[in-house]
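Listing of model-v5.cif; format and content: mmCIF, C-alpha atoms.
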```cif
data_model
loop_
_atom_site.label_atom_id
_atom_site.label_comp_id
_atom_site.auth_asym_id
_atom_site.auth_seq_id
_atom_site.Cartn_x
_atom_site.Cartn_y
_atom_site.Cartn_z
CA MET V 169 0.00 0.00 0.00
CA THR V 170 1.42 3.38 -0.96
CA THR V 171 1.85 5.49 2.15
CA THR V 172 4.21 8.31 1.24
CA PRO V 173 2.17 11.27 -0.04
CA ALA V 174 5.48 12.91 -1.02
CA GLU V 175 5.11 15.78 -3.48
CA PRO V 176 1.74 16.81 -4.86
CA GLU V 177 3.13 15.97 -8.30
CA LEU V 178 3.38 12.32 -7.38
CA GLN V 179 -0.20 12.37 -6.06
CA GLU V 180 -1.38 13.86 -9.32
CA ARG V 181 0.50 11.31 -11.36
CA LEU V 182 -0.94 8.43 -9.32
CA GLN V 183 -4.46 9.86 -9.56
CA ALA V 184 -4.06 10.30 -13.31
CA GLY V 185 -2.90 6.71 -13.68
CA PHE V 186 -5.90 5.49 -11.70
CA ASP V 187 -8.32 7.65 -13.71
CA ALA V 188 -6.84 6.39 -16.97
CA THR V 189 -7.27 2.77 -15.90
CA ILE V 190 -10.93 3.41 -15.01
CA ALA V 191 -11.50 5.33 -18.26
CA ARG V 192 -10.08 2.41 -20.28
CA ASN V 193 -12.61 0.20 -18.48
CA ASP V 194 -9.63 -1.74 -17.20
CA ARG V 195 -9.42 -3.33 -13.75
CA ILE V 196 -7.76 -1.99 -10.62
CA GLU V 197 -5.69 -4.70 -8.91
CA PRO V 198 -4.81 -4.98 -5.20
CA ARG V 199 -1.33 -3.48 -5.24
CA ASP V 200 -2.22 -0.59 -7.55
CA TRP V 201 -2.47 2.88 -6.09
CA MET V 202 -6.08 3.88 -5.51
CA PRO V 203 -7.79 6.88 -3.89
CA ASP V 204 -8.59 6.36 -0.20
CA ASP V 205 -12.31 6.91 -0.84
CA TYR V 206 -12.32 4.23 -3.54
CA ARG V 207 -10.72 1.78 -1.12
CA ARG V 208 -13.16 2.72 1.69
CA THR V 209 -16.18 2.42 -0.59
CA LEU V 210 -15.07 -1.02 -1.76
CA VAL V 211 -14.35 -2.27 1.76
CA ARG V 212 -17.80 -1.12 2.88
CA GLN V 213 -19.59 -2.65 -0.11
CA ILE V 214 -17.69 -5.95 -0.28
CA ALA V 215 -17.87 -6.45 3.50
CA GLN V 216 -21.60 -5.76 3.48
CA HIS V 217 -21.95 -8.23 0.64
CA ALA V 218 -19.89 -10.88 2.47
CA HIS V 219 -21.86 -10.40 5.69
CA SER V 220 -25.10 -10.77 3.71
CA GLU V 221 -24.01 -14.17 2.46
CA ILE V 222 -23.11 -15.32 5.97
CA ILE V 223 -26.24 -13.93 7.69
CA GLY V 224 -28.23 -15.19 4.69
CA MET V 225 -27.49 -18.76 5.78
CA GLN V 226 -29.84 -18.36 8.74
CA PRO V 227 -33.35 -17.91 7.29
CA GLU V 228 -32.99 -20.99 5.10
CA GLY V 229 -30.72 -22.97 7.40
CA ALA V 230 -33.61 -22.99 9.84
CA TRP V 231 -35.52 -25.25 7.40
CA ILE V 232 -32.86 -27.91 6.74
CA GLY V 233 -34.13 -30.17 9.51
CA ARG V 234 -37.75 -29.64 8.50
CA ALA V 235 -37.46 -29.97 4.70
CA PRO V 236 -39.94 -32.67 3.67
CA SER V 237 -37.63 -35.21 2.02
CA LEU V 238 -34.02 -36.32 1.91
CA ARG V 239 -33.79 -34.82 -1.60
CA ARG V 240 -34.98 -31.42 -0.40
CA LYS V 241 -32.72 -31.55 2.65
CA ALA V 242 -29.68 -32.33 0.50
CA ILE V 243 -30.51 -29.48 -1.90
CA LEU V 244 -31.02 -27.00 0.93
CA LEU V 245 -27.84 -28.11 2.67
CA ALA V 246 -25.86 -27.61 -0.55
CA LYS V 247 -27.42 -24.20 -1.02
CA VAL V 248 -26.65 -23.01 2.50
CA GLN V 249 -23.09 -24.34 2.12
CA ASP V 250 -22.79 -22.27 -1.07
CA GLU V 251 -23.80 -19.13 0.86
CA ALA V 252 -20.95 -19.81 3.28
CA GLY V 253 -18.62 -20.25 0.32
CA HIS V 254 -19.82 -16.99 -1.25
CA GLY V 255 -19.15 -15.20 2.03
CA LEU V 256 -15.60 -16.59 2.02
CA TYR V 257 -14.92 -15.57 -1.62
CA LEU V 258 -15.98 -12.05 -0.70
CA TYR V 259 -14.04 -11.84 2.56
CA SER V 260 -11.03 -13.00 0.55
CA ALA V 261 -11.59 -10.21 -2.00
CA CYS V 262 -12.05 -7.67 0.79
CA GLU V 263 -8.82 -8.69 2.49
CA THR V 264 -6.86 -7.71 -0.63
CA LEU V 265 -7.78 -4.11 0.29
CA GLY V 266 -5.78 -4.32 3.51
CA VAL V 267 -8.42 -5.23 6.10
CA SER V 268 -8.34 -8.47 8.05
CA ARG V 269 -11.04 -11.07 8.25
CA ILE V 270 -11.14 -10.83 12.06
CA GLU V 271 -11.67 -7.07 11.83
CA LEU V 272 -14.60 -7.54 9.45
CA THR V 273 -16.17 -10.24 11.62
CA GLU V 274 -15.90 -8.03 14.67
CA LEU V 275 -17.43 -5.06 12.89
CA LEU V 276 -20.38 -7.23 11.90
CA LEU V 277 -20.80 -8.66 15.39
CA ALA V 278 -20.64 -5.16 16.87
CA GLY V 279 -23.37 -4.04 14.48
CA ARG V 280 -21.04 -1.51 12.85
CA GLN V 281 -21.19 -3.00 9.36
CA LYS V 282 -24.48 -3.84 7.64
CA TYR V 283 -25.83 -6.76 5.66
CA SER V 284 -28.75 -6.93 3.23
CA SER V 285 -32.08 -5.82 4.70
CA ILE V 286 -33.84 -8.88 3.25
CA PHE V 287 -32.38 -11.29 5.80
CA ASN V 288 -34.11 -9.49 8.63
CA TYR V 289 -37.43 -11.00 7.54
CA PRO V 290 -38.50 -14.33 9.04
CA THR V 291 -39.07 -17.59 7.13
CA LEU V 292 -42.49 -18.58 8.43
CA SER V 293 -43.33 -21.46 6.11
CA TYR V 294 -41.48 -24.02 4.01
CA ALA V 295 -42.70 -22.22 0.87
CA ASP V 296 -40.40 -19.38 1.93
CA VAL V 297 -37.42 -21.57 0.98
CA GLY V 298 -38.77 -21.63 -2.58
CA THR V 299 -39.67 -17.94 -2.59
CA ILE V 300 -36.24 -16.94 -1.34
CA GLY V 301 -34.62 -18.94 -4.14
CA TRP V 302 -36.93 -17.48 -6.77
CA LEU V 303 -37.34 -13.83 -5.70
CA VAL V 304 -34.50 -13.07 -3.28
CA ASP V 305 -31.82 -14.93 -5.23
CA GLY V 306 -33.40 -13.64 -8.45
CA ALA V 307 -32.99 -10.08 -7.22
CA ALA V 308 -29.47 -10.89 -6.04
CA ILE V 309 -28.60 -12.18 -9.52
CA CYS V 310 -29.88 -8.93 -11.07
CA ASN V 311 -27.64 -7.01 -8.71
CA GLN V 312 -24.65 -9.29 -9.08
CA VAL V 313 -24.37 -10.00 -12.79
CA PRO V 314 -23.30 -6.40 -13.59
CA LEU V 315 -20.85 -6.56 -10.66
CA CYS V 316 -18.88 -9.24 -12.54
CA ARG V 317 -17.60 -6.22 -14.56
CA THR V 318 -16.90 -4.04 -11.54
CA SER V 319 -13.65 -2.06 -11.71
CA TYR V 320 -11.94 -3.81 -8.78
CA GLY V 321 -10.44 -7.07 -10.07
CA PRO V 322 -10.76 -9.38 -7.04
CA TYR V 323 -14.37 -8.30 -6.44
CA GLY V 324 -15.33 -8.96 -10.06
CA ARG V 325 -13.66 -12.39 -10.02
CA ALA V 326 -15.49 -13.35 -6.82
CA MET V 327 -18.76 -12.23 -8.39
CA ILE V 328 -18.18 -14.41 -11.45
CA ARG V 329 -17.86 -17.51 -9.27
CA ILE V 330 -20.88 -16.50 -7.20
CA CYS V 331 -23.10 -15.86 -10.21
CA LYS V 332 -22.35 -19.32 -11.62
CA GLU V 333 -23.67 -20.84 -8.42
CA GLU V 334 -26.64 -18.51 -7.91
CA SER V 335 -28.33 -19.94 -10.95
CA PHE V 336 -28.73 -23.26 -9.11
CA HIS V 337 -30.18 -21.37 -6.16
CA GLN V 338 -32.84 -19.63 -8.18
CA ARG V 339 -33.84 -22.69 -10.18
CA GLN V 340 -34.16 -24.97 -7.14
CA GLY V 341 -36.44 -22.37 -5.54
CA TYR V 342 -38.66 -22.00 -8.57
CA GLU V 343 -38.87 -25.77 -9.01
CA LEU V 344 -39.83 -26.14 -5.35
CA LEU V 345 -42.66 -23.62 -5.82
CA MET V 346 -43.81 -25.33 -9.05
CA THR V 347 -43.99 -28.62 -7.17
CA MET V 348 -46.10 -27.04 -4.43
CA MET V 349 -48.38 -25.36 -7.00
CA ARG V 350 -49.12 -28.82 -8.44
CA GLY V 351 -50.13 -29.98 -4.94
CA THR V 352 -53.15 -29.22 -2.78
CA ASP V 353 -55.11 -25.98 -2.37
CA ALA V 354 -53.45 -25.53 0.99
CA GLN V 355 -50.01 -25.78 -0.61
CA ARG V 356 -50.93 -23.29 -3.34
CA ALA V 357 -52.22 -20.90 -0.67
CA MET V 358 -48.96 -21.32 1.20
CA VAL V 359 -46.99 -20.33 -1.91
CA GLN V 360 -49.18 -17.28 -2.54
CA GLU V 361 -48.92 -16.15 1.07
CA SER V 362 -45.15 -16.47 0.93
CA VAL V 363 -44.90 -14.51 -2.33
CA ASP V 364 -47.13 -11.78 -0.83
CA ARG V 365 -44.72 -11.40 2.08
CA PHE V 366 -41.49 -11.45 0.10
CA TRP V 367 -42.40 -9.37 -2.98
CA TRP V 368 -41.91 -5.89 -1.50
CA PRO V 369 -38.82 -6.72 0.58
CA SER V 370 -37.31 -8.21 -2.61
CA LEU V 371 -37.83 -4.91 -4.46
CA MET V 372 -36.19 -3.10 -1.54
CA MET V 373 -33.04 -5.20 -2.04
CA PHE V 374 -32.02 -2.83 -4.84
CA GLY V 375 -31.72 0.00 -2.31
CA PRO V 376 -33.40 3.38 -2.13
CA PRO V 377 -34.59 5.21 -5.27
CA ASP V 378 -31.82 6.82 -7.33
CA GLY V 379 -32.68 10.31 -6.08
CA GLU V 380 -32.05 9.23 -2.49
CA SER V 381 -28.94 7.14 -3.02
CA PRO V 382 -26.18 9.67 -2.30
CA ASN V 383 -23.14 7.48 -3.06
CA SER V 384 -24.47 5.95 -6.25
CA ALA V 385 -23.17 8.54 -8.69
CA ARG V 386 -19.63 8.30 -7.38
CA SER V 387 -19.69 4.49 -7.37
CA MET V 388 -20.88 4.54 -10.98
CA ALA V 389 -18.13 7.01 -11.97
CA TRP V 390 -15.57 4.66 -10.44
CA GLY V 391 -17.04 1.67 -12.23
CA VAL V 392 -17.74 -0.01 -8.89
CA LYS V 393 -21.45 0.01 -9.73
CA ARG V 394 -22.51 -0.46 -13.31
CA ASN V 395 -26.28 0.24 -13.11
CA SER V 396 -28.46 2.43 -10.93
CA ASN V 397 -30.78 1.00 -8.25
CA ASP V 398 -33.92 1.92 -10.18
CA GLU V 399 -32.62 0.43 -13.45
CA LEU V 400 -31.93 -2.90 -11.76
CA ARG V 401 -35.26 -2.86 -9.92
CA GLN V 402 -37.06 -2.33 -13.23
CA ARG V 403 -35.09 -5.16 -14.84
CA PHE V 404 -36.04 -7.48 -11.97
CA VAL V 405 -39.75 -6.65 -12.23
CA ASP V 406 -39.75 -7.19 -15.99
CA MET V 407 -38.01 -10.56 -15.59
CA THR V 408 -40.23 -11.74 -12.76
CA VAL V 409 -43.73 -10.97 -14.06
CA PRO V 410 -43.78 -13.74 -16.71
CA GLN V 411 -42.25 -16.17 -14.18
CA ALA V 412 -45.11 -15.40 -11.77
CA ASP V 413 -47.63 -16.01 -14.56
CA ALA V 414 -46.08 -19.36 -15.40
CA LEU V 415 -46.12 -20.30 -11.74
CA GLY V 416 -49.75 -19.23 -11.31
CA VAL V 417 -49.27 -16.74 -8.48
CA THR V 418 -50.16 -13.06 -8.34
CA LEU V 419 -47.72 -10.35 -7.30
CA PRO V 420 -49.27 -8.15 -4.57
CA ASP V 421 -49.12 -4.81 -6.39
CA PRO V 422 -52.35 -3.25 -7.74
CA ASP V 423 -50.29 -0.81 -9.84
CA LEU V 424 -48.34 -3.52 -11.64
CA ARG V 425 -49.11 -3.43 -15.36
CA TRP V 426 -47.37 -3.51 -18.72
CA ASN V 427 -46.67 -0.09 -20.16
CA GLU V 428 -46.60 -0.41 -23.94
CA GLU V 429 -45.09 3.04 -24.38
CA ARG V 430 -42.12 2.46 -22.09
CA GLY V 431 -41.72 -1.17 -23.02
CA HIS V 432 -41.52 -1.94 -19.29
CA HIS V 433 -43.87 -2.76 -16.43
CA ASP V 434 -45.12 0.06 -14.26
CA PHE V 435 -45.16 -0.83 -10.59
CA GLY V 436 -45.89 0.70 -7.20
CA ASP V 437 -43.44 2.12 -4.70
CA PRO V 438 -42.18 -0.12 -1.91
CA ASP V 439 -42.64 1.26 1.59
CA TRP V 440 -39.37 3.17 1.86
CA ALA V 441 -40.03 3.98 5.51
CA GLU V 442 -40.03 0.25 6.19
CA LEU V 443 -36.69 -0.16 4.40
CA ALA V 444 -35.21 2.67 6.45
CA ALA V 445 -36.48 1.05 9.66
CA VAL V 446 -35.04 -2.36 8.78
CA ILE V 447 -31.67 -0.81 7.88
CA ARG V 448 -31.74 1.16 11.15
CA GLY V 449 -32.04 -2.15 13.01
CA ASP V 450 -35.79 -2.23 13.61
CA GLY V 451 -36.70 -5.04 11.24
CA PRO V 452 -38.50 -8.17 12.47
CA CYS V 453 -35.34 -10.28 12.93
CA ASN V 454 -32.35 -7.90 13.18
CA ALA V 455 -31.59 -8.71 16.82
CA GLU V 456 -32.13 -12.44 16.36
CA ARG V 457 -29.80 -12.64 13.32
CA LEU V 458 -26.93 -10.90 15.09
CA ARG V 459 -27.46 -12.83 18.31
CA HIS V 460 -27.33 -16.12 16.40
CA ARG V 461 -24.18 -15.06 14.53
CA ARG V 462 -22.47 -14.03 17.78
CA THR V 463 -23.37 -17.32 19.45
CA ALA V 464 -22.10 -19.31 16.47
CA HIS V 465 -18.84 -17.35 16.54
CA GLU V 466 -18.34 -17.85 20.28
CA ASP V 467 -19.32 -21.53 20.12
CA GLY V 468 -16.69 -22.04 17.43
CA ALA V 469 -13.90 -20.44 19.44
CA TRP V 470 -12.65 -23.74 20.90
CA VAL V 471 -12.38 -25.24 17.40
CA ARG V 472 -10.26 -22.33 16.20
CA GLU V 473 -8.10 -22.51 19.30
CA ALA V 474 -7.66 -26.29 19.07
CA ALA V 475 -6.65 -26.08 15.41
CA SER V 476 -4.12 -23.34 16.21
CA ALA V 477 -2.74 -25.35 19.14
CA PHE V 478 -2.42 -28.45 16.98
CA ALA V 479 -0.67 -26.46 14.25
CA SER V 480 1.90 -24.92 16.60
CA ARG V 481 2.48 -28.23 18.38
CA SER V 482 3.01 -30.04 15.05
CA ALA V 483 5.45 -27.33 14.00
CA GLU V 484 7.39 -27.76 17.27
CA VAL V 485 7.52 -31.54 16.90
CA ALA V 486 8.64 -31.23 13.30
CA ALA V 487 11.31 -28.70 14.25
CA SER V 488 12.70 -30.79 17.11
CA ALA V 489 12.84 -33.87 14.90
CA SER V 490 14.52 -31.56 12.38
CA ALA V 491 12.38 -33.18 9.73
CA GLY V 492 11.70 -31.30 6.49
CA PRO V 493 8.25 -30.02 5.64
CA SER V 494 5.73 -32.76 4.93
CA GLY V 495 4.47 -33.45 1.45
CA GLY V 496 7.58 -32.00 -0.16
CA ALA V 497 7.27 -34.26 -3.15
CA GLY V 498 7.60 -31.37 -5.56
CA ALA V 499 4.58 -29.35 -6.52
CA ARG V 500 4.84 -29.51 -10.25
CA MET A 75 -13.71 -13.83 21.64
CA SER A 76 -10.40 -12.61 23.00
CA ALA A 77 -8.56 -15.92 23.34
CA ASP A 78 -8.36 -16.49 19.59
CA ARG A 79 -7.12 -13.04 18.61
CA ARG A 80 -4.29 -14.72 16.77
CA GLU A 81 -5.64 -14.99 13.26
CA TRP A 82 -4.88 -18.08 11.19
CA PRO A 83 -2.37 -17.33 8.46
CA LEU A 84 -3.54 -16.44 4.97
CA TYR A 85 -3.03 -18.90 2.10
CA GLU A 86 -3.36 -18.36 -1.64
CA VAL A 87 -5.16 -21.10 -3.55
CA PHE A 88 -4.35 -22.34 -7.06
CA VAL A 89 -6.50 -24.85 -8.91
CA ARG A 90 -5.78 -26.95 -12.02
CA GLY A 91 -9.15 -26.98 -13.79
CA LYS A 92 -8.41 -30.11 -15.77
CA ARG A 93 -5.51 -32.12 -17.02
CA GLY A 94 -3.42 -30.22 -19.52
CA LEU A 95 -4.02 -26.79 -17.94
CA ASN A 96 -1.88 -24.74 -15.60
CA HIS A 97 -2.85 -24.15 -12.01
CA VAL A 98 -4.63 -20.80 -11.80
CA HIS A 99 -4.98 -18.52 -8.79
CA VAL A 100 -8.59 -18.59 -7.55
CA GLY A 101 -8.50 -16.75 -4.22
CA SER A 102 -7.33 -17.05 -0.67
CA LEU A 103 -8.38 -18.41 2.70
CA HIS A 104 -7.27 -18.65 6.32
CA ALA A 105 -6.16 -21.95 7.84
CA PRO A 106 -4.14 -23.02 10.88
CA ASP A 107 -1.72 -25.15 8.86
CA ASP A 108 -0.94 -26.45 5.37
CA ALA A 109 -3.05 -29.60 5.64
CA MET A 110 -6.13 -27.71 6.79
CA ALA A 111 -5.56 -25.09 4.10
CA LEU A 112 -5.80 -27.84 1.50
CA ARG A 113 -9.03 -29.20 3.00
CA HIS A 114 -10.57 -25.75 3.24
CA ALA A 115 -9.53 -25.01 -0.33
CA ARG A 116 -11.36 -28.11 -1.49
CA ASP A 117 -14.53 -27.07 0.32
CA VAL A 118 -14.42 -23.41 -0.65
CA TYR A 119 -13.13 -23.53 -4.23
CA THR A 120 -14.02 -26.94 -5.71
CA ARG A 121 -17.60 -27.80 -4.71
CA ARG A 122 -18.58 -28.49 -8.33
CA ASN A 123 -15.69 -30.34 -9.98
CA GLU A 124 -13.81 -27.12 -10.67
CA GLY A 125 -10.47 -28.82 -10.31
CA VAL A 126 -8.33 -31.95 -10.44
CA SER A 127 -5.45 -30.56 -8.38
CA ILE A 128 -5.00 -27.84 -5.76
CA TRP A 129 -1.94 -25.93 -4.55
CA VAL A 130 -2.01 -23.84 -1.40
CA VAL A 131 0.83 -21.55 -0.43
CA ARG A 132 1.23 -19.16 2.48
CA THR A 133 0.67 -15.63 1.22
CA ASP A 134 3.72 -14.38 3.08
CA ALA A 135 5.87 -16.85 1.09
CA ILE A 136 5.09 -15.11 -2.19
CA THR A 137 7.41 -12.47 -3.58
CA ALA A 138 5.64 -10.21 -6.06
CA SER A 139 6.76 -7.48 -8.41
CA SER A 140 5.60 -4.05 -7.36
CA PRO A 141 3.18 -2.15 -9.59
CA ASP A 142 5.36 0.96 -9.07
CA GLU A 143 8.27 -0.79 -10.77
CA LYS A 144 6.11 -1.91 -13.66
CA ASP A 145 7.84 0.29 -16.20
CA PRO A 146 11.48 -0.36 -15.33
CA LEU A 147 10.76 -4.07 -14.83
CA PHE A 148 9.01 -4.74 -18.10
CA ALA A 149 10.35 -1.95 -20.27
CA PRO A 150 13.56 -3.72 -21.37
CA ASN A 151 11.69 -6.05 -23.72
CA GLY A 152 9.57 -3.25 -25.18
CA ASP A 153 12.16 -2.32 -27.79
CA LYS A 154 13.23 -5.84 -28.70
CA VAL A 155 10.90 -6.22 -31.61
CA TYR A 156 13.22 -8.81 -33.16
CA ARG A 157 11.89 -11.28 -30.55
CA HIS A 158 8.60 -11.44 -32.42
CA PRO A 159 8.05 -13.48 -35.58
CA THR A 160 6.45 -10.53 -37.37
CA PHE A 161 9.82 -8.73 -37.33
CA TYR A 162 11.07 -10.94 -40.16
CA GLU A 163 9.95 -10.48 -43.72
CA ILE A 164 9.54 -13.70 -45.64
CA PRO A 165 8.51 -13.76 -49.31
CA GLU A 166 4.84 -14.63 -49.97
CA ASN A 167 5.78 -17.72 -51.98
CA VAL A 168 7.55 -19.48 -49.12
CA PRO A 169 5.00 -21.94 -47.65
CA HIS A 170 4.40 -23.17 -44.09
CA MET A 171 6.16 -20.35 -42.25
#
```

As structure tokens, the full file:
Amino acid sequence: MTTTPAEPELQERLQAGFDATIARNDRIEPRDWMPDDYRRTLVRQIAQHAHSEIIGMQPEGAWIGRAPSLRRKAILLAKVQDEAGHGLYLYSACETLGVSRIELTELLLAGRQKYSSIFNYPTLSYADVGTIGWLVDGAAICNQVPLCRTSYGPYGRAMIRICKEESFHQRQGYELLMTMMRGTDAQRAMVQESVDRFWWPSLMMFGPPDGESPNSARSMAWGVKRNSNDELRQRFVDMTVPQADALGVTLPDPDLRWNEERGHHDFGDPDWAELAAVIRGDGPCNAERLRHRRTAHEDGAWVREAASAFASRSAEVAASASAGPSGGAGAR
Amino acid sequence: MSADRREWPLYEVFVRGKRGLNHVHVGSLHAPDDAMALRHARDVYTRRNEGVSIWVVRTDAITASSPDEKDPLFAPNGDKVYRHPTFYEIPENVPHM
């Protein structure tokens, strides 16, 4: 990391080099010089994204034991494991910016870094597992696909791996809902009720409207963000409406209709006051999610300590036996 | 939360996608030792047959060129155009070259 501000000339030259890289639509890599605000913005966004993946394991993880068949349990288990993996890809990308994983974990546990508002809603029925896959992961895909081209190299590469796996998440959810829609009236009602609850929070996942998203313009100029919140929200609505039709559910918005002139669907405004409240910490499950994450972290402490103790003991034994490193059979 | 302040070291992970390809850097992870790093790498980076071989190496064991030295480091071959095949003019009627 470049620390010597030296002469203003050097600053200008570094800034010009950075600007030129962004203008060429090229990627910024970890050891390149970058403006402090660019680094801070990325740390905030990538950490929030990583935390979302980790907290996002909870709403669905709660249904692994209650999923109705071994097949559904195995699918859900694989999905929740993917979320953990996505969190790790993103923490790894974030660490290239000079923050440590422990720091990030502690900021989350202290409530000083955020995660996506959507995970502060409860999963009340098994249909929610399907709805989360279809709508929540669908919205996440809309958000994430453009991020594969984000200007910071490690973030974009993590997003590429994540997007490949999200497709499985969305399809398993939709297939689950299709299966329930072919079932009994009670099952169909369960799907509809779940969609009614998750529709508006899913639209909120894209963030506040463009006019009230103060950092958006700068993030777009830096190539960190590639599309505005409202653009992505519109894209999501347009993609989802035909999927809802095929599924046989209604979306709970009286203002939702096709607008021939615009070539897009018109739709109503989510309750922005609700989004603000959930972000502030007053959503239905905020406290529960953080409490669970803290407990999991503390319960895992002995595992981390034991592994560290084993590693240092093994190193001591190896050193005193003056044996070479194990597995030195030549990497190539 | 205070007893485990000592963070596990960072490892870089390289995966060979299939036979015939080079190992490629895919990301990093923390692990207490080399053996656990390999296991974690399998779980984090190859859940869907992404690889047939994994290397893990402690990040602090890697020596990297600095981006600030990019010009002096790579400049010397910039003017050696004779290292490229297009430098040499061969008549049109000479085949297979």

| message | Take the PyMOL selection byres ((chain V) within 9 of (chain A)), run it mentally on this structure, and tell me the resulting residues as a ChimeraX atom specification. | response | /V:199-201,250,252-254,256-257,259-261,268-270,322,325-326,465-466,469-470,472-473,475-480,499

| task | Check the smallest atom-to-atom distance from each of V:Gln338, V:Gln249, V:Ser237, V:Thr352 to Gly298 of chain V using all atoms listed in the file, then report the winner. | result | V:Gln338

| message | Quick check, in Å to one decimal: how far apart do atom CA of Asp187 of chain V and atom CA of Trp390 of chain V lie? | response | 8.5 Å

| request: Expand the PyMOL selection byres ((chain V and resi 222) around 12) into the individual residues it matches in the shown file, reporting them as a PyMOL selection string. | output: chain V and resi 215-221+223-229+248-259+273+276-277+282-284+287+457-458+460-462+464-465

| request: Please measure the separation of atom CA of Asn454 of chain V and atom CA of Pro369 of chain V, giving the value in Å to one decimal. | output: 14.2 Å

| field | Picked residues, the PyMOL selection byres ((chain A and resi 130) around 7), as a list of chain:residue names | value | A:Tyr85, A:Glu86, A:Val87, A:Phe88, A:Ala111, A:Leu112, A:Ile128, A:Trp129, A:Val131, A:Arg132

| request: May I have the residues at most 10 Å from (-11.8, -0.8, -13.2) in the file's coordinates, counting only C-alpha atoms, as a PyMOL selection string? | output: chain V and resi 186-197+317-321+324+390-392

| query | Expressed in Å to a single decimal, how great is the separation between atom CA of Tyr323 of chain V and atom CA of Leu265 of chain V? | reply |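 Rounded to one decimal, the two atoms are 10.3 Å apart.
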
| message | Applying 10 Å and all atoms listed in the file, which residues near Gln340 of chain V remain after dropping the ones on its own chain fewer than 4 positions away? List them as a list in words. | response |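 Everything that qualifies: Arg240, Ile243, Leu244, Lys247, Val297, Gly298, Gly301, Trp302, Glu334, Ser335, Phe336, Leu344, Leu345 and Met346 of chain V.
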
Residues from the last selection, C-alpha atoms, saved as a PDB file, in the frame of the given file:
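part.pdb written:
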```
ATOM      1  CA  ARG V 240     -34.980 -31.420  -0.400  1.00  0.00           C
ATOM      2  CA  ILE V 243     -30.510 -29.480  -1.900  1.00  0.00           C
ATOM      3  CA  LEU V 244     -31.020 -27.000   0.930  1.00  0.00           C
ATOM      4  CA  LYS V 247     -27.420 -24.200  -1.020  1.00  0.00           C
ATOM      5  CA  VAL V 297     -37.420 -21.570   0.980  1.00  0.00           C
ATOM      6  CA  GLY V 298     -38.770 -21.630  -2.580  1.00  0.00           C
ATOM      7  CA  GLY V 301     -34.620 -18.940  -4.140  1.00  0.00           C
ATOM      8  CA  TRP V 302     -36.930 -17.480  -6.770  1.00  0.00           C
ATOM      9  CA  GLU V 334     -26.640 -18.510  -7.910  1.00  0.00           C
ATOM     10  CA  SER V 335     -28.330 -19.940 -10.950  1.00  0.00           C
ATOM     11  CA  PHE V 336     -28.730 -23.260  -9.110  1.00  0.00           C
ATOM     12  CA  LEU V 344     -39.830 -26.140  -5.350  1.00  0.00           C
ATOM     13  CA  LEU V 345     -42.660 -23.620  -5.820  1.00  0.00           C
ATOM     14  CA  MET V 346     -43.810 -25.330  -9.050  1.00  0.00           C
TER      15      MET V 346
END
```

Completed segment 261-271 of chain V (N, CA and C atoms) as a tab-separated table (two decimals), in the frame of the given file:
```tsv
chain	number	residue	atom	x	y	z
V	261	ALA	N	-11.76	-11.39	-1.13
V	261	ALA	CA	-11.59	-10.21	-2.00
V	261	ALA	C	-11.37	-8.96	-1.15
V	262	CYS	N	-12.12	-8.86	-0.06
V	262	CYS	CA	-12.05	-7.67	0.79
V	262	CYS	C	-10.68	-7.56	1.46
V	263	GLU	N	-10.12	-8.71	1.81
V	263	GLU	CA	-8.82	-8.69	2.49
V	263	GLU	C	-7.71	-8.15	1.60
V	264	THR	N	-7.90	-8.24	0.28
V	264	THR	CA	-6.86	-7.71	-0.63
V	264	THR	C	-6.79	-6.19	-0.53
V	265	LEU	N	-7.78	-5.57	0.14
V	265	LEU	CA	-7.78	-4.11	0.29
V	265	LEU	C	-7.11	-3.69	1.59
V	266	GLY	N	-6.55	-4.68	2.32
V	266	GLY	CA	-5.78	-4.32	3.51
V	266	GLY	C	-6.56	-4.38	4.81
V	267	VAL	N	-7.73	-5.00	4.82
V	267	VAL	CA	-8.42	-5.23	6.10
V	267	VAL	C	-8.33	-6.71	6.43
V	268	SER	N	-8.45	-7.06	7.70
V	268	SER	CA	-8.34	-8.47	8.05
V	268	SER	C	-9.72	-9.06	8.28
V	269	ARG	N	-9.79	-10.34	8.10
V	269	ARG	CA	-11.04	-11.07	8.25
V	269	ARG	C	-11.59	-10.91	9.66
V	270	ILE	N	-10.70	-10.97	10.67
V	270	ILE	CA	-11.14	-10.83	12.06
V	270	ILE	C	-11.77	-9.46	12.29
V	271	GLU	N	-11.15	-8.43	11.73
V	271	GLU	CA	-11.67	-7.07	11.83
V	271	GLU	C	-13.10	-7.01	11.29
```
